[in-house]
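> Just one file: target_27.txt, with compact mmCIF, C-alpha atoms.
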# COMPACT_ATOMS: atom_id res chain seq x y z
CA MET A 1 -46.14 -60.91 63.00
CA ARG A 2 -45.07 -63.45 60.44
CA ARG A 3 -47.85 -62.43 58.14
CA ALA A 4 -46.90 -58.74 58.48
CA ALA A 5 -43.25 -59.48 57.75
CA LEU A 6 -44.19 -61.39 54.65
CA ALA A 7 -46.39 -58.52 53.55
CA ALA A 8 -43.54 -56.03 54.08
CA LEU A 9 -41.15 -58.24 52.17
CA ALA A 10 -43.61 -58.55 49.32
CA ALA A 11 -44.11 -54.79 49.27
CA GLY A 12 -40.35 -54.31 49.22
CA LEU A 13 -39.95 -56.71 46.34
CA VAL A 14 -42.69 -54.96 44.44
CA THR A 15 -40.99 -51.60 45.07
CA ALA A 16 -37.61 -52.98 44.03
CA ALA A 17 -39.13 -54.49 40.93
CA GLY A 18 -40.72 -51.16 40.15
CA LEU A 19 -37.39 -49.38 40.58
CA VAL A 20 -35.65 -51.90 38.36
CA ALA A 21 -38.33 -51.50 35.73
CA CYS A 22 -38.09 -47.72 35.96
CA PHE A 23 -34.31 -47.92 35.72
CA ALA A 24 -34.55 -50.23 32.72
CA ARG A 25 -36.98 -47.89 30.99
CA GLY A 26 -34.65 -44.96 31.65
CA LEU A 27 -31.79 -46.79 29.97
CA ALA A 28 -33.77 -48.03 26.99
CA PRO A 29 -33.34 -46.33 23.59
CA VAL A 30 -35.91 -43.68 22.80
CA ALA A 31 -36.63 -45.06 19.33
CA PRO A 32 -36.45 -48.44 17.58
CA PRO A 33 -33.41 -49.33 15.44
CA GLY A 34 -32.91 -47.34 12.26
CA ALA A 35 -33.93 -43.92 13.54
CA ALA A 36 -32.23 -41.00 11.79
CA THR A 37 -29.26 -39.26 13.34
CA ALA A 38 -29.17 -35.64 14.41
CA VAL A 39 -26.25 -33.32 15.12
CA PHE A 40 -25.84 -32.75 18.85
CA GLU A 41 -23.31 -30.27 20.23
CA VAL A 42 -21.41 -30.59 23.49
CA ALA A 43 -20.00 -27.24 24.55
CA PRO A 44 -16.58 -26.97 26.19
CA GLY A 45 -16.72 -27.53 29.95
CA GLU A 46 -20.25 -28.94 30.08
CA SER A 47 -20.84 -31.42 32.91
CA LEU A 48 -22.19 -34.93 32.51
CA ALA A 49 -25.49 -33.88 34.11
CA ARG A 50 -25.81 -30.90 31.79
CA VAL A 51 -25.11 -33.03 28.71
CA ALA A 52 -27.67 -35.59 29.86
CA GLU A 53 -30.31 -32.88 30.30
CA LYS A 54 -29.64 -31.59 26.79
CA LEU A 55 -29.82 -35.12 25.39
CA GLU A 56 -33.22 -35.64 27.03
CA ARG A 57 -34.53 -32.32 25.66
CA ALA A 58 -33.28 -33.31 22.21
CA GLY A 59 -35.25 -36.54 22.37
CA LEU A 60 -32.16 -38.73 22.61
CA LEU A 61 -32.62 -39.92 26.22
CA ARG A 62 -35.69 -41.08 28.14
CA ASP A 63 -34.47 -40.07 31.60
CA ALA A 64 -31.51 -37.74 32.05
CA ARG A 65 -31.02 -38.48 35.76
CA VAL A 66 -31.02 -42.25 35.32
CA ALA A 67 -28.74 -42.11 32.29
CA ALA A 68 -26.34 -39.66 33.95
CA GLY A 69 -26.11 -41.79 37.08
CA TRP A 70 -25.42 -44.92 35.07
CA ALA A 71 -22.84 -43.10 32.90
CA ARG A 72 -21.11 -41.76 36.03
CA LEU A 73 -20.78 -45.30 37.39
CA HIS A 74 -19.05 -46.23 34.12
CA GLY A 75 -16.51 -43.41 34.39
CA PHE A 76 -17.86 -41.04 31.73
CA ALA A 77 -18.00 -37.93 33.95
CA ALA A 78 -14.44 -36.83 33.14
CA ARG A 79 -14.25 -38.23 29.61
CA LEU A 80 -16.82 -36.24 27.63
CA ARG A 81 -15.32 -34.14 24.83
CA ALA A 82 -16.68 -30.98 23.27
CA GLY A 83 -17.82 -30.96 19.66
CA GLU A 84 -20.65 -31.92 17.34
CA TYR A 85 -21.77 -35.55 17.23
CA ALA A 86 -24.15 -37.50 14.99
CA LEU A 87 -26.48 -39.20 17.48
CA SER A 88 -29.59 -41.31 16.99
CA PRO A 89 -32.52 -41.86 19.38
CA SER A 90 -32.15 -45.58 18.65
CA MET A 91 -28.79 -45.60 20.46
CA ARG A 92 -28.54 -46.82 24.07
CA PRO A 93 -27.53 -44.15 26.61
CA LEU A 94 -24.12 -45.68 27.22
CA ASP A 95 -23.50 -45.78 23.47
CA LEU A 96 -24.39 -42.08 23.28
CA PHE A 97 -21.93 -41.20 26.03
CA ASP A 98 -19.30 -43.52 24.59
CA LEU A 99 -19.46 -41.71 21.24
CA ILE A 100 -19.24 -38.31 22.93
CA ALA A 101 -16.23 -39.52 24.92
CA SER A 102 -14.54 -40.83 21.75
CA GLY A 103 -14.18 -37.40 20.19
CA HIS A 104 -15.38 -38.73 16.80
CA VAL A 105 -17.05 -35.46 15.90
CA VAL A 106 -19.02 -34.53 12.81
CA THR A 107 -16.79 -33.13 10.07
CA TYR A 108 -17.60 -30.89 7.13
CA PRO A 109 -15.97 -30.85 3.67
CA VAL A 110 -14.13 -27.83 2.35
CA VAL A 111 -12.53 -27.69 -1.10
CA VAL A 112 -9.25 -25.80 -1.43
CA PRO A 113 -8.79 -25.30 -5.20
CA GLU A 114 -5.45 -25.26 -6.95
CA GLY A 115 -4.06 -21.75 -7.29
CA PHE A 116 -5.68 -20.30 -4.18
CA THR A 117 -3.66 -17.89 -2.06
CA ALA A 118 -3.54 -18.15 1.74
CA ALA A 119 -5.99 -15.24 1.92
CA GLU A 120 -8.41 -16.98 -0.45
CA ILE A 121 -8.12 -20.20 1.57
CA GLY A 122 -8.95 -18.26 4.72
CA SER A 123 -12.02 -16.76 3.04
CA ARG A 124 -13.12 -20.21 1.84
CA LEU A 125 -12.81 -21.62 5.37
CA GLU A 126 -14.82 -18.73 6.77
CA SER A 127 -17.56 -18.98 4.13
CA SER A 128 -17.82 -22.69 4.96
CA GLY A 129 -18.42 -21.78 8.59
CA LEU A 130 -15.23 -23.50 9.71
CA ALA A 131 -12.75 -20.80 10.71
CA ASP A 132 -12.14 -17.09 11.04
CA ALA A 133 -10.39 -15.86 7.89
CA ALA A 134 -8.32 -13.18 9.62
CA ALA A 135 -7.07 -15.60 12.29
CA PHE A 136 -6.12 -18.17 9.68
CA VAL A 137 -4.27 -15.68 7.45
CA SER A 138 -2.44 -14.22 10.45
CA LEU A 139 -1.28 -17.69 11.38
CA ALA A 140 -0.25 -18.46 7.78
CA ARG A 141 1.97 -15.37 7.85
CA ASP A 142 3.61 -16.20 11.16
CA PRO A 143 7.33 -16.94 10.52
CA ALA A 144 7.67 -18.94 13.74
CA PHE A 145 4.77 -21.21 12.80
CA ALA A 146 6.16 -21.71 9.28
CA GLN A 147 9.48 -22.74 10.80
CA GLU A 148 7.70 -25.09 13.21
CA LEU A 149 6.08 -26.87 10.25
CA GLY A 150 9.34 -27.19 8.35
CA VAL A 151 8.43 -24.65 5.66
CA PRO A 152 11.54 -22.96 4.20
CA ASP A 153 9.96 -19.51 4.12
CA SER A 154 8.52 -16.92 6.49
CA THR A 155 4.91 -17.73 5.47
CA LEU A 156 2.85 -20.76 4.49
CA GLU A 157 1.98 -19.29 1.08
CA GLY A 158 2.30 -22.07 -1.48
CA TYR A 159 2.54 -24.83 1.11
CA LEU A 160 -1.18 -25.08 1.97
CA PHE A 161 -1.89 -27.96 -0.36
CA PRO A 162 -5.03 -27.77 -2.53
CA GLU A 163 -7.28 -30.69 -1.67
CA THR A 164 -10.74 -31.57 -0.33
CA TYR A 165 -10.53 -31.68 3.45
CA ARG A 166 -12.92 -32.50 6.25
CA PHE A 167 -12.79 -30.48 9.45
CA PRO A 168 -15.02 -30.21 12.51
CA ARG A 169 -16.95 -27.03 13.14
CA ARG A 170 -14.73 -24.24 14.52
CA PRO A 171 -11.43 -26.17 14.26
CA ASP A 172 -8.18 -24.89 15.67
CA PRO A 173 -6.62 -22.82 12.83
CA ARG A 174 -3.25 -24.30 13.72
CA GLU A 175 -4.56 -27.82 13.10
CA VAL A 176 -6.15 -26.77 9.81
CA ALA A 177 -2.89 -25.28 8.56
CA ARG A 178 -0.89 -28.19 9.94
CA THR A 179 -3.10 -30.66 8.05
CA MET A 180 -2.69 -28.79 4.76
CA VAL A 181 1.07 -28.46 5.09
CA ALA A 182 1.38 -32.13 6.06
CA GLN A 183 -0.52 -33.03 2.89
CA PHE A 184 1.90 -30.88 0.89
CA PHE A 185 4.91 -32.74 2.28
CA GLU A 186 3.24 -36.08 1.49
CA ILE A 187 3.19 -35.04 -2.17
CA TRP A 188 6.64 -33.47 -2.02
CA ARG A 189 8.26 -36.71 -0.88
CA THR A 190 7.39 -38.27 -4.24
CA LEU A 191 8.84 -35.30 -6.18
CA ALA A 192 11.95 -34.49 -4.15
CA PRO A 193 14.28 -36.90 -6.03
CA ALA A 194 13.40 -35.31 -9.38
CA ALA A 195 13.92 -31.84 -7.93
CA GLU A 196 17.33 -32.87 -6.63
CA ARG A 197 18.33 -34.17 -10.05
CA ARG A 198 17.49 -30.78 -11.55
CA GLY A 199 19.36 -28.94 -8.81
CA LEU A 200 16.22 -27.23 -7.52
CA SER A 201 15.49 -26.51 -3.88
CA LEU A 202 12.08 -27.09 -2.31
CA HIS A 203 11.38 -23.37 -2.20
CA GLN A 204 12.40 -22.85 -5.82
CA VAL A 205 10.10 -25.65 -6.96
CA VAL A 206 7.10 -24.37 -5.01
CA THR A 207 7.67 -20.78 -6.14
CA LEU A 208 7.93 -21.71 -9.81
CA ALA A 209 5.07 -24.22 -9.58
CA SER A 210 2.82 -21.54 -8.12
CA ILE A 211 3.51 -19.37 -11.19
CA VAL A 212 2.81 -22.30 -13.53
CA GLU A 213 -0.44 -22.92 -11.64
CA LYS A 214 -1.61 -19.33 -12.12
CA GLU A 215 -0.55 -19.13 -15.78
CA THR A 216 -2.68 -22.02 -17.07
CA GLY A 217 -5.64 -24.12 -16.05
CA VAL A 218 -5.02 -26.63 -18.85
CA PRO A 219 -3.25 -29.70 -17.40
CA ALA A 220 -1.52 -30.61 -20.66
CA GLU A 221 0.06 -27.15 -20.85
CA ARG A 222 1.73 -27.16 -17.46
CA PRO A 223 4.93 -29.00 -18.51
CA LEU A 224 5.24 -26.64 -21.50
CA ILE A 225 4.72 -23.53 -19.36
CA ALA A 226 7.32 -24.90 -16.94
CA SER A 227 9.72 -25.49 -19.82
CA VAL A 228 9.36 -21.88 -20.99
CA PHE A 229 10.27 -20.57 -17.54
CA ALA A 230 13.12 -23.07 -17.17
CA ASN A 231 14.51 -22.02 -20.55
CA ARG A 232 14.24 -18.32 -19.69
CA LEU A 233 15.94 -18.80 -16.33
CA ALA A 234 18.74 -20.78 -17.96
CA ARG A 235 19.33 -17.92 -20.41
CA GLY A 236 19.20 -15.21 -17.76
CA MET A 237 15.91 -13.84 -19.15
CA ARG A 238 13.28 -12.35 -16.89
CA LEU A 239 10.16 -14.49 -16.37
CA GLU A 240 7.77 -11.62 -17.24
CA SER A 241 4.76 -13.28 -15.64
CA ASP A 242 1.58 -11.25 -15.09
CA PRO A 243 0.37 -13.31 -12.09
CA THR A 244 3.51 -12.50 -10.11
CA VAL A 245 2.99 -8.78 -10.71
CA ILE A 246 -0.64 -9.04 -9.66
CA TYR A 247 0.30 -10.87 -6.45
CA GLY A 248 2.54 -7.97 -5.46
CA ILE A 249 -0.15 -5.31 -5.97
CA PRO A 250 -2.11 -4.57 -2.78
CA ALA A 251 -5.89 -4.53 -3.39
CA PHE A 252 -5.52 -5.38 -7.09
CA ASP A 253 -8.59 -4.04 -8.93
CA GLY A 254 -8.57 -6.54 -11.81
CA ASN A 255 -6.86 -4.28 -14.34
CA LEU A 256 -3.15 -4.81 -15.01
CA ARG A 257 -1.72 -1.57 -16.38
CA ARG A 258 1.56 -0.67 -18.08
CA ARG A 259 2.62 1.30 -15.00
CA ASP A 260 2.23 -1.91 -12.97
CA LEU A 261 4.63 -3.73 -15.28
CA ASP A 262 7.10 -0.84 -14.95
CA ASP A 263 6.87 -0.66 -11.15
CA GLY A 264 10.32 -1.51 -9.81
CA SER A 265 9.16 -1.26 -6.19
CA ASN A 266 7.04 -4.41 -6.56
CA VAL A 267 9.38 -7.23 -5.51
CA TYR A 268 7.11 -9.72 -7.30
CA ASN A 269 7.35 -7.83 -10.60
CA THR A 270 9.14 -10.36 -12.79
CA TYR A 271 9.14 -7.83 -15.65
CA ARG A 272 11.72 -5.92 -13.62
CA ILE A 273 13.44 -8.42 -11.32
CA ALA A 274 15.71 -11.21 -12.49
CA GLY A 275 15.05 -14.81 -11.55
CA LEU A 276 12.28 -16.01 -9.28
CA PRO A 277 10.16 -13.75 -7.07
CA PRO A 278 10.75 -13.93 -3.28
CA GLY A 279 8.31 -16.79 -2.79
CA PRO A 280 5.20 -18.61 -4.02
CA ILE A 281 2.18 -16.60 -5.18
CA ALA A 282 -0.43 -19.33 -4.56
CA SER A 283 -0.81 -23.00 -3.67
CA PRO A 284 0.22 -25.19 -6.61
CA GLY A 285 -1.34 -28.58 -7.14
CA ALA A 286 0.56 -31.83 -7.61
CA GLU A 287 0.62 -31.56 -11.41
CA SER A 288 2.14 -28.08 -11.40
CA LEU A 289 4.77 -29.23 -8.92
CA ARG A 290 5.51 -32.22 -11.12
CA ALA A 291 5.70 -30.01 -14.22
CA VAL A 292 8.51 -27.99 -12.64
CA VAL A 293 10.63 -31.00 -11.71
CA GLU A 294 9.75 -32.84 -14.94
CA PRO A 295 9.20 -30.08 -17.55
CA ALA A 296 8.61 -30.77 -21.22
CA GLU A 297 11.63 -30.84 -23.49
CA SER A 298 11.26 -27.69 -25.60
CA ASP A 299 13.10 -24.64 -26.86
CA TYR A 300 10.12 -22.32 -26.31
CA LEU A 301 10.83 -18.95 -24.72
CA TYR A 302 7.45 -17.23 -25.01
CA PHE A 303 3.73 -17.92 -24.75
CA VAL A 304 0.59 -15.86 -25.12
CA SER A 305 -3.05 -16.60 -24.38
CA ARG A 306 -5.51 -17.49 -27.11
CA ASN A 307 -8.26 -16.15 -24.81
CA ASP A 308 -9.84 -19.59 -24.60
CA GLY A 309 -7.72 -20.92 -21.74
CA THR A 310 -4.94 -22.23 -23.99
CA HIS A 311 -1.71 -20.61 -25.17
CA VAL A 312 0.43 -20.21 -28.27
CA PHE A 313 4.09 -21.07 -27.66
CA SER A 314 6.94 -19.42 -29.58
CA ARG A 315 10.67 -19.96 -29.93
CA THR A 316 11.63 -16.47 -31.09
CA TYR A 317 10.55 -12.97 -30.20
CA ALA A 318 9.38 -12.36 -33.77
CA GLU A 319 7.09 -15.41 -33.58
CA HIS A 320 5.82 -14.20 -30.24
CA VAL A 321 5.03 -10.71 -31.52
CA ALA A 322 3.06 -12.23 -34.38
CA ALA A 323 1.11 -14.42 -31.91
CA VAL A 324 0.43 -11.43 -29.68
CA ASN A 325 -0.80 -9.38 -32.62
CA LEU A 326 -3.06 -12.22 -33.68
CA HIS A 327 -4.53 -13.11 -30.30
CA GLN A 328 -4.05 -10.07 -28.06
CA ARG A 329 -3.01 -7.09 -30.14
CA ARG A 330 -1.05 -5.86 -27.13
CA GLY A 331 2.36 -6.92 -25.83
CA VAL A 332 1.95 -8.38 -22.36
CA HIS A 333 4.44 -11.28 -22.40
Would you put the structure from the file into structure tokens?


Amino acid sequence: MRRAALAALAAGLVTAAGLVACFARGLAPVAPPGAATAVFEVAPGESLARVAEKLERAGLLRDARVAAGWARLHGFAARLRAGEYALSPSMRPLDLFDLIASGHVVTYPVVVPEGFTAAEIGSRLESSGLADAAAFVSLARDPAFAQELGVPDSTLEGYLFPETYRFPRRPDPREVARTMVAQFFEIWRTLAPAAERRGLSLHQVVTLASIVEKETGVPAERPLIASVFANRLARGMRLESDPTVIYGIPAFDGNLRRRDLDDGSNVYNTYRIAGLPPGPIASPGAESLRAVVEPAESDYLYFVSRNDGTHVFSRTYAEHVAAVNLHQRRGVH
């Protein structure tokens, strides 16, 4: 009897040792330290067991059942978050689940250039595989959402700050827009005192800065362009800016015609309307915003393109006509 009991005990210990060894193997990393990471996606609503199975198939876990059981004991069952994660087979199972529970997802860069409209930003997001363009543009034109974000207009046009951002795959369009507008207000806080000194409202600054942004891509010219518009506004002259006209033309085909400049039904036609257009025509960058609140000191009233990206500035209409004849041979400003 005693010998049989000892034998049974020994067999039990061997079995237990085997189970412990099996359990330890199941919780060991698949690969040695330094293994490359791979993007692993957790879909919304996936269970711990399902995620573990996918991790095993992806070569990131040795034993899905063992790892899932251990993770459940540590409270991960209700903590896993959907998204894409950079995981390595050299990570321990609990470290894998801990990262998935953290929500630290893989993000992708997207560049929003200065002078982009909301529609162009939506297209850029879609081409980067990050968002649906139509959904983003619809949101950007939602007056209630603009009010929620503190934008003094019925749309987010002009307030989606140009910058390089990083977003996860398929982000919430509301969070994308919220991030861009928040970045705008970060910049605005540094410029607001100068705007107040000039007696300009936030919306006036953004609207005029958007026109400056579209008129020149040469940084050194922005304060001069801003000074021309400031001088014209002070004298009650129309701005006569081509980019504003173009913004107000649905499905613009690339050719600005005389009839477009004469179109009084276009509320963005600054050849016909006095003062500023109803709102911004694009997203201005920080330097265009600064140029409006800190314009150059000048008595220029006109400018015309040299066709090389730069402009000739004139004080009188006669000087301007001469510059137009020299560089354009057609009166467009």

> Between A:Leu156, A:Ile100, A:Leu87, A:Leu261, which has the minimum distance to A:Gly59 (counting only C-alpha atoms)?

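Ranking A:Leu156, A:Ile100, A:Leu87, A:Leu261 by distance to A:Gly59, first place goes to A:Leu87.
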
> Considering only C-alpha atoms, state which residue in the set A:Arg306, A:Arg81, A:Arg272, A:Arg257 is at the smallest distance from A:His104.

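Closest residue, counting only C-alpha atoms: A:Arg81.
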
> Tell me, as a VMD selection string, which residues lie within 8 Å of A:Leu224, counting all atoms listed in the file; anything in the same chain fewer than 2 positions away does not count.

chain A and resid 220 to 222 226 to 228 295 to 298

> Which polymer residues have any atom within 12 Å of an atom of A:Pro243, counting all atoms listed in the file, with same-chain residues fewer than 2 positions away left out, as a PyMOL selection string?

chain A and resi 115+117+208+210-216+239-241+245-249+252+254-256+260-261+268-271+277+280-282+332-333

> Neighbours of A:Ala86 within 6 Å (all atoms listed in the file; same-chain residues fewer than 4 positions away dropped), as an MDAnalysis selection string?

chainID A and resid 37:39

> Using the file's own x, y and z axes, what box holds all listed atoms of stretch 52-63 of chain A with 3 Å on each side, keeping edges along x, y and z, and what are its centre and edge lengths in Å to one decimal, as JSON?


{"center_x": -31.7, "center_y": -36.3, "center_z": 26.9, "size_x": 14.0, "size_y": 15.5, "size_z": 15.4}

> Using Å and a single decimal, report how far atom CA of A:Leu289 sits from atom CA of A:Pro152.

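Taking atom CA of A:Pro152 and atom CA of A:Leu289, their separation equals 16.0 Å.
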
> Contacts of A:Ser201 at 10 Å or less, counting all atoms listed in the file, minus same-chain residues fewer than 5 places along, as a list in words?

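Residues near the query, excluding close chain neighbours: Pro152, Ala192, Ala195, Glu196, Val206 and Thr207 of chain A.
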
> Between atom CA of A:Phe76 and atom CA of A:Arg57, measure the distance and give it in Å to one decimal.

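Those two atoms sit 19.8 Å apart.
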
> Can you fill out stretch 259-282 of chain A with N, CA and C atoms and hand it back as a PDB file, in the coordinates of the input?


ATOM      1  N   ARG A 259       1.856   0.779 -16.141  1.00  0.00           N
ATOM      2  CA  ARG A 259       2.620   1.300 -15.000  1.00  0.00           C
ATOM      3  C   ARG A 259       2.887   0.221 -13.958  1.00  0.00           C
ATOM      4  N   ASP A 260       1.998  -0.795 -13.897  1.00  0.00           N
ATOM      5  CA  ASP A 260       2.230  -1.910 -12.970  1.00  0.00           C
ATOM      6  C   ASP A 260       3.414  -2.747 -13.431  1.00  0.00           C
ATOM      7  N   LEU A 261       3.525  -2.944 -14.740  1.00  0.00           N
ATOM      8  CA  LEU A 261       4.630  -3.730 -15.280  1.00  0.00           C
ATOM      9  C   LEU A 261       5.961  -2.984 -15.164  1.00  0.00           C
ATOM     10  N   ASP A 262       5.883  -1.649 -15.064  1.00  0.00           N
ATOM     11  CA  ASP A 262       7.100  -0.840 -14.950  1.00  0.00           C
ATOM     12  C   ASP A 262       7.480  -0.546 -13.499  1.00  0.00           C
ATOM     13  N   ASP A 263       6.657  -0.994 -12.570  1.00  0.00           N
ATOM     14  CA  ASP A 263       6.870  -0.660 -11.150  1.00  0.00           C
ATOM     15  C   ASP A 263       8.021  -1.471 -10.564  1.00  0.00           C
ATOM     16  N   GLY A 264       9.155  -0.818 -10.360  1.00  0.00           N
ATOM     17  CA  GLY A 264      10.320  -1.510  -9.810  1.00  0.00           C
ATOM     18  C   GLY A 264      10.248  -1.722  -8.316  1.00  0.00           C
ATOM     19  N   SER A 265       9.281  -1.085  -7.629  1.00  0.00           N
ATOM     20  CA  SER A 265       9.160  -1.260  -6.190  1.00  0.00           C
ATOM     21  C   SER A 265       8.420  -2.548  -5.810  1.00  0.00           C
ATOM     22  N   ASN A 266       7.767  -3.156  -6.786  1.00  0.00           N
ATOM     23  CA  ASN A 266       7.040  -4.410  -6.560  1.00  0.00           C
ATOM     24  C   ASN A 266       8.039  -5.571  -6.654  1.00  0.00           C
ATOM     25  N   VAL A 267       8.352  -6.178  -5.520  1.00  0.00           N
ATOM     26  CA  VAL A 267       9.380  -7.230  -5.510  1.00  0.00           C
ATOM     27  C   VAL A 267       8.922  -8.497  -6.216  1.00  0.00           C
ATOM     28  N   TYR A 268       7.635  -8.574  -6.552  1.00  0.00           N
ATOM     29  CA  TYR A 268       7.110  -9.720  -7.300  1.00  0.00           C
ATOM     30  C   TYR A 268       6.976  -9.402  -8.793  1.00  0.00           C
ATOM     31  N   ASN A 269       7.461  -8.243  -9.206  1.00  0.00           N
ATOM     32  CA  ASN A 269       7.350  -7.830 -10.600  1.00  0.00           C
ATOM     33  C   ASN A 269       8.459  -8.490 -11.414  1.00  0.00           C
ATOM     34  N   THR A 270       8.136  -9.616 -12.018  1.00  0.00           N
ATOM     35  CA  THR A 270       9.140 -10.360 -12.790  1.00  0.00           C
ATOM     36  C   THR A 270       9.401  -9.753 -14.161  1.00  0.00           C
ATOM     37  N   TYR A 271       8.755  -8.609 -14.473  1.00  0.00           N
ATOM     38  CA  TYR A 271       9.140  -7.830 -15.650  1.00  0.00           C
ATOM     39  C   TYR A 271      10.370  -6.975 -15.329  1.00  0.00           C
ATOM     40  N   ARG A 272      10.607  -6.768 -14.029  1.00  0.00           N
ATOM     41  CA  ARG A 272      11.720  -5.920 -13.620  1.00  0.00           C
ATOM     42  C   ARG A 272      12.817  -6.679 -12.876  1.00  0.00           C
ATOM     43  N   ILE A 273      12.431  -7.681 -12.086  1.00  0.00           N
ATOM     44  CA  ILE A 273      13.440  -8.420 -11.320  1.00  0.00           C
ATOM     45  C   ILE A 273      13.937  -9.618 -12.129  1.00  0.00           C
ATOM     46  N   ALA A 274      15.159 -10.020 -11.844  1.00  0.00           N
ATOM     47  CA  ALA A 274      15.710 -11.210 -12.490  1.00  0.00           C
ATOM     48  C   ALA A 274      15.417 -12.436 -11.633  1.00  0.00           C
ATOM     49  N   GLY A 275      15.264 -13.577 -12.277  1.00  0.00           N
ATOM     50  CA  GLY A 275      15.050 -14.810 -11.550  1.00  0.00           C
ATOM     51  C   GLY A 275      13.658 -14.941 -10.964  1.00  0.00           C
ATOM     52  N   LEU A 276      13.564 -15.748  -9.924  1.00  0.00           N
ATOM     53  CA  LEU A 276      12.280 -16.010  -9.280  1.00  0.00           C
ATOM     54  C   LEU A 276      11.893 -14.884  -8.337  1.00  0.00           C
ATOM     55  N   PRO A 277      10.595 -14.698  -8.099  1.00  0.00           N
ATOM     56  CA  PRO A 277      10.160 -13.750  -7.070  1.00  0.00           C
ATOM     57  C   PRO A 277      10.536 -14.290  -5.681  1.00  0.00           C
ATOM     58  N   PRO A 278      10.326 -13.509  -4.629  1.00  0.00           N
ATOM     59  CA  PRO A 278      10.750 -13.930  -3.280  1.00  0.00           C
ATOM     60  C   PRO A 278      10.147 -15.241  -2.797  1.00  0.00           C
ATOM     61  N   GLY A 279       8.946 -15.561  -3.251  1.00  0.00           N
ATOM     62  CA  GLY A 279       8.310 -16.790  -2.790  1.00  0.00           C
ATOM     63  C   GLY A 279       7.096 -17.118  -3.623  1.00  0.00           C
ATOM     64  N   PRO A 280       6.383 -18.186  -3.269  1.00  0.00           N
ATOM     65  CA  PRO A 280       5.200 -18.610  -4.020  1.00  0.00           C
ATOM     66  C   PRO A 280       4.119 -17.533  -4.027  1.00  0.00           C
ATOM     67  N   ILE A 281       3.282 -17.560  -5.048  1.00  0.00           N
ATOM     68  CA  ILE A 281       2.180 -16.600  -5.180  1.00  0.00           C
ATOM     69  C   ILE A 281       0.827 -17.275  -4.986  1.00  0.00           C
ATOM     70  N   ALA A 282       0.812 -18.574  -4.748  1.00  0.00           N
ATOM     71  CA  ALA A 282      -0.430 -19.330  -4.560  1.00  0.00           C
ATOM     72  C   ALA A 282      -0.050 -20.767  -4.201  1.00  0.00           C
TER      73      ALA A 282
END
